[in-house]
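What follows is one structure encoded as structure tokens, with my remarks underneath.
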Amino acid sequence: MTISSTSPASRPMTRSEFVSTLPPWRRLLAMLNWRPVYDIEQETEQLRIRSLESENLMLASEKRLLASEKRLKLLQESDARIARFEQELFSSSTQTPSTGDSSPT
């Protein structure tokens, strides 16, 4: 049973766990430290994972930004409608209704 390094819940394998998965002749070479690339591979994998996480955060941030821009546009449109309504309301309320009678009462 091996742990897949592609599953999100799995943790990185330690060197001893990795060595235990190797065939006997590779274990011997690993004990003799003939595979220094292992650490480089692990660092590369960690960098890849961090890069993917960073991309996901960036995409989420862009989605929030777009949603905020949509809300802002809706608020601006609403404010414009309210301003037009207030202008119409106040401009019509300042006019005195004409009764046809020019004499002051």
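Residues in the structure tokens are named by chain (A, B, ... in the order shown) and by number from 1 within that chain; ligands are numbered from 1 in the order shown.
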Hey, what's within 12 Å of A:Glu45 if we count only C-alpha atoms and toss same-chain stuff fewer than 4 positions away? As a PDB file with all heavy atoms, in the first residue's frame, please?
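To be explicit, this is the file written out as out_10.pdb:
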ATOM      1  N   SER A   5       1.035  10.775  -3.743  1.00  0.00           N
ATOM      2  CA  SER A   5       1.451  12.150  -3.453  1.00  0.00           C
ATOM      3  C   SER A   5       0.534  13.166  -4.131  1.00  0.00           C
ATOM      4  O   SER A   5       0.663  14.352  -3.900  1.00  0.00           O
ATOM      5  CB  SER A   5       2.892  12.373  -3.893  1.00  0.00           C
ATOM      6  OG  SER A   5       2.979  12.218  -5.285  1.00  0.00           O
ATOM      7  N   THR A   6      -0.409  12.691  -4.952  1.00  0.00           N
ATOM      8  CA  THR A   6      -1.296  13.616  -5.638  1.00  0.00           C
ATOM      9  C   THR A   6      -2.545  13.904  -4.843  1.00  0.00           C
ATOM     10  O   THR A   6      -3.253  14.839  -5.154  1.00  0.00           O
ATOM     11  CB  THR A   6      -1.702  13.058  -7.016  1.00  0.00           C
ATOM     12  OG1 THR A   6      -2.351  11.799  -6.824  1.00  0.00           O
ATOM     13  CG2 THR A   6      -0.497  12.922  -7.917  1.00  0.00           C
ATOM     14  N   ARG A  11       0.413  13.600   3.241  1.00  0.00           N
ATOM     15  CA  ARG A  11       1.553  14.412   3.643  1.00  0.00           C
ATOM     16  C   ARG A  11       2.761  13.930   2.868  1.00  0.00           C
ATOM     17  O   ARG A  11       2.788  12.804   2.361  1.00  0.00           O
ATOM     18  CB  ARG A  11       1.786  14.289   5.140  1.00  0.00           C
ATOM     19  CG  ARG A  11       2.061  12.869   5.585  1.00  0.00           C
ATOM     20  CD  ARG A  11       2.338  12.811   7.073  1.00  0.00           C
ATOM     21  NE  ARG A  11       2.468  11.448   7.528  1.00  0.00           N
ATOM     22  CZ  ARG A  11       3.532  10.674   7.335  1.00  0.00           C
ATOM     23  NH1 ARG A  11       4.562  11.133   6.686  1.00  0.00           N
ATOM     24  NH2 ARG A  11       3.575   9.442   7.763  1.00  0.00           N
ATOM     25  N   PRO A  12       3.781  14.759   2.745  1.00  0.00           N
ATOM     26  CA  PRO A  12       4.970  14.330   2.010  1.00  0.00           C
ATOM     27  C   PRO A  12       5.647  13.157   2.723  1.00  0.00           C
ATOM     28  O   PRO A  12       5.647  13.081   3.944  1.00  0.00           O
ATOM     29  CB  PRO A  12       5.878  15.550   2.020  1.00  0.00           C
ATOM     30  CG  PRO A  12       5.104  16.658   2.608  1.00  0.00           C
ATOM     31  CD  PRO A  12       3.869  16.120   3.206  1.00  0.00           C
ATOM     32  N   MET A  13       6.183  12.251   1.918  1.00  0.00           N
ATOM     33  CA  MET A  13       6.859  11.088   2.493  1.00  0.00           C
ATOM     34  C   MET A  13       8.202  11.505   3.070  1.00  0.00           C
ATOM     35  O   MET A  13       8.898  12.344   2.507  1.00  0.00           O
ATOM     36  CB  MET A  13       7.098  10.023   1.407  1.00  0.00           C
ATOM     37  CG  MET A  13       5.836   9.351   0.943  1.00  0.00           C
ATOM     38  SD  MET A  13       6.079   8.221  -0.448  1.00  0.00           S
ATOM     39  CE  MET A  13       7.346   7.145   0.106  1.00  0.00           C
ATOM     40  N   TYR A  38      16.669  13.001  -4.344  1.00  0.00           N
ATOM     41  CA  TYR A  38      15.420  12.848  -3.605  1.00  0.00           C
ATOM     42  C   TYR A  38      14.998  14.169  -2.961  1.00  0.00           C
ATOM     43  O   TYR A  38      13.855  14.589  -3.091  1.00  0.00           O
ATOM     44  CB  TYR A  38      15.557  11.760  -2.533  1.00  0.00           C
ATOM     45  CG  TYR A  38      14.368  11.679  -1.632  1.00  0.00           C
ATOM     46  CD1 TYR A  38      13.205  11.050  -2.051  1.00  0.00           C
ATOM     47  CD2 TYR A  38      14.381  12.265  -0.377  1.00  0.00           C
ATOM     48  CE1 TYR A  38      12.102  10.997  -1.242  1.00  0.00           C
ATOM     49  CE2 TYR A  38      13.276  12.215   0.442  1.00  0.00           C
ATOM     50  CZ  TYR A  38      12.139  11.576   0.012  1.00  0.00           C
ATOM     51  OH  TYR A  38      11.044  11.529   0.816  1.00  0.00           O
ATOM     52  N   ASP A  39      15.949  14.808  -2.293  1.00  0.00           N
ATOM     53  CA  ASP A  39      15.618  16.076  -1.629  1.00  0.00           C
ATOM     54  C   ASP A  39      15.197  17.127  -2.651  1.00  0.00           C
ATOM     55  O   ASP A  39      14.264  17.899  -2.412  1.00  0.00           O
ATOM     56  CB  ASP A  39      16.807  16.584  -0.816  1.00  0.00           C
ATOM     57  CG  ASP A  39      17.133  15.663   0.345  1.00  0.00           C
ATOM     58  OD1 ASP A  39      16.188  15.019   0.865  1.00  0.00           O
ATOM     59  OD2 ASP A  39      18.313  15.583   0.723  1.00  0.00           O
ATOM     60  N   ILE A  40      15.867  17.144  -3.777  1.00  0.00           N
ATOM     61  CA  ILE A  40      15.510  18.099  -4.831  1.00  0.00           C
ATOM     62  C   ILE A  40      14.101  17.808  -5.349  1.00  0.00           C
ATOM     63  O   ILE A  40      13.303  18.721  -5.566  1.00  0.00           O
ATOM     64  CB  ILE A  40      16.545  18.059  -5.975  1.00  0.00           C
ATOM     65  CG1 ILE A  40      17.904  18.534  -5.462  1.00  0.00           C
ATOM     66  CG2 ILE A  40      16.084  18.891  -7.163  1.00  0.00           C
ATOM     67  CD1 ILE A  40      19.041  18.322  -6.440  1.00  0.00           C
ATOM     68  N   GLU A  41      13.785  16.523  -5.519  1.00  0.00           N
ATOM     69  CA  GLU A  41      12.451  16.156  -5.985  1.00  0.00           C
ATOM     70  C   GLU A  41      11.389  16.572  -4.970  1.00  0.00           C
ATOM     71  O   GLU A  41      10.326  17.076  -5.344  1.00  0.00           O
ATOM     72  CB  GLU A  41      12.368  14.648  -6.227  1.00  0.00           C
ATOM     73  CG  GLU A  41      13.150  14.182  -7.429  1.00  0.00           C
ATOM     74  CD  GLU A  41      13.182  12.658  -7.549  1.00  0.00           C
ATOM     75  OE1 GLU A  41      12.709  11.973  -6.625  1.00  0.00           O
ATOM     76  OE2 GLU A  41      13.682  12.175  -8.573  1.00  0.00           O
ATOM     77  N   ILE A  49       3.252  22.406  -5.310  1.00  0.00           N
ATOM     78  CA  ILE A  49       2.033  22.470  -4.498  1.00  0.00           C
ATOM     79  C   ILE A  49       1.763  23.914  -4.073  1.00  0.00           C
ATOM     80  O   ILE A  49       0.640  24.406  -4.167  1.00  0.00           O
ATOM     81  CB  ILE A  49       2.146  21.534  -3.276  1.00  0.00           C
ATOM     82  CG1 ILE A  49       2.101  20.077  -3.732  1.00  0.00           C
ATOM     83  CG2 ILE A  49       1.044  21.813  -2.266  1.00  0.00           C
ATOM     84  CD1 ILE A  49       2.431  19.081  -2.649  1.00  0.00           C
ATOM     85  N   ARG A  50       2.803  24.610  -3.624  1.00  0.00           N
ATOM     86  CA  ARG A  50       2.639  26.007  -3.221  1.00  0.00           C
ATOM     87  C   ARG A  50       2.206  26.867  -4.405  1.00  0.00           C
ATOM     88  O   ARG A  50       1.397  27.782  -4.258  1.00  0.00           O
ATOM     89  CB  ARG A  50       3.935  26.548  -2.627  1.00  0.00           C
ATOM     90  CG  ARG A  50       4.067  26.210  -1.169  1.00  0.00           C
ATOM     91  CD  ARG A  50       5.245  26.952  -0.554  1.00  0.00           C
ATOM     92  NE  ARG A  50       6.116  25.931   0.003  1.00  0.00           N
ATOM     93  CZ  ARG A  50       7.414  25.857  -0.143  1.00  0.00           C
ATOM     94  NH1 ARG A  50       8.058  26.761  -0.836  1.00  0.00           N
ATOM     95  NH2 ARG A  50       8.109  24.877   0.392  1.00  0.00           N
ATOM     96  N   SER A  51       2.739  26.578  -5.577  1.00  0.00           N
ATOM     97  CA  SER A  51       2.368  27.323  -6.773  1.00  0.00           C
ATOM     98  C   SER A  51       0.886  27.118  -7.100  1.00  0.00           C
ATOM     99  O   SER A  51       0.175  28.077  -7.428  1.00  0.00           O
ATOM    100  CB  SER A  51       3.239  26.881  -7.945  1.00  0.00           C
ATOM    101  OG  SER A  51       2.804  27.460  -9.136  1.00  0.00           O
ATOM    102  N   LEU A  52       0.427  25.867  -7.007  1.00  0.00           N
ATOM    103  CA  LEU A  52      -0.985  25.588  -7.265  1.00  0.00           C
ATOM    104  C   LEU A  52      -1.874  26.287  -6.241  1.00  0.00           C
ATOM    105  O   LEU A  52      -2.921  26.851  -6.590  1.00  0.00           O
ATOM    106  CB  LEU A  52      -1.246  24.084  -7.243  1.00  0.00           C
ATOM    107  CG  LEU A  52      -0.663  23.287  -8.413  1.00  0.00           C
ATOM    108  CD1 LEU A  52      -0.847  21.793  -8.189  1.00  0.00           C
ATOM    109  CD2 LEU A  52      -1.310  23.715  -9.718  1.00  0.00           C
TER     110      LEU A  52
END
Using only C-alpha atoms, which of A:Ala30, A:Ala80, A:Leu57, A:Leu75 sits nearest A:Phe18?
A:Ala30
Who sits within 10 Å of A:Met31, only C-alpha atoms, same chain under 4 positions skipped, as JSON, numbers by chain:
{"A": [16, 19, 25, 26, 27, 35]}
Write the selection just made, keeping N, CA and C atoms, as an mmCIF file, in the first residue's frame?
data_model
loop_
_atom_site.group_PDB
_atom_site.id
_atom_site.type_symbol
_atom_site.label_atom_id
_atom_site.label_comp_id
_atom_site.auth_asym_id
_atom_site.auth_seq_id
_atom_site.Cartn_x
_atom_site.Cartn_y
_atom_site.Cartn_z
ATOM 1 N N SER A 16 12.885 8.021 5.077
ATOM 2 C CA SER A 16 12.842 6.603 5.462
ATOM 3 C C SER A 16 11.626 5.904 4.855
ATOM 4 N N VAL A 19 12.494 5.327 1.225
ATOM 5 C CA VAL A 19 13.469 4.243 1.070
ATOM 6 C C VAL A 19 12.795 2.890 1.266
ATOM 7 N N TRP A 25 17.879 -3.537 -3.980
ATOM 8 C CA TRP A 25 19.110 -2.988 -4.538
ATOM 9 C C TRP A 25 19.120 -1.465 -4.507
ATOM 10 N N ARG A 26 17.922 -0.836 -4.632
ATOM 11 C CA ARG A 26 17.846 0.624 -4.545
ATOM 12 C C ARG A 26 17.986 1.088 -3.097
ATOM 13 N N ARG A 27 17.482 0.252 -2.158
ATOM 14 C CA ARG A 27 17.657 0.585 -0.743
ATOM 15 C C ARG A 27 19.132 0.642 -0.390
ATOM 16 N N ARG A 35 21.525 8.677 -4.039
ATOM 17 C CA ARG A 35 20.368 9.347 -4.644
ATOM 18 C C ARG A 35 20.128 10.703 -3.986
#
Using atom CA of A:Gln87 and atom CA of A:Leu72 as the two end points, give the distance in Å to one decimal.
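So the two atoms, atom CA of A:Gln87 and atom CA of A:Leu72, lie 22.2 Å apart.
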Could you give me the residues within stretch 13-105 of chain A that DSSP places in helix (DSSP H, G or I), as a count of residues only?
72
Atom-to-atom span, atom CA of A:Glu62 and atom CA of A:Arg81, Å
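Atom-to-atom, atom CA of A:Glu62 to atom CA of A:Arg81, that is 28.6 Å.
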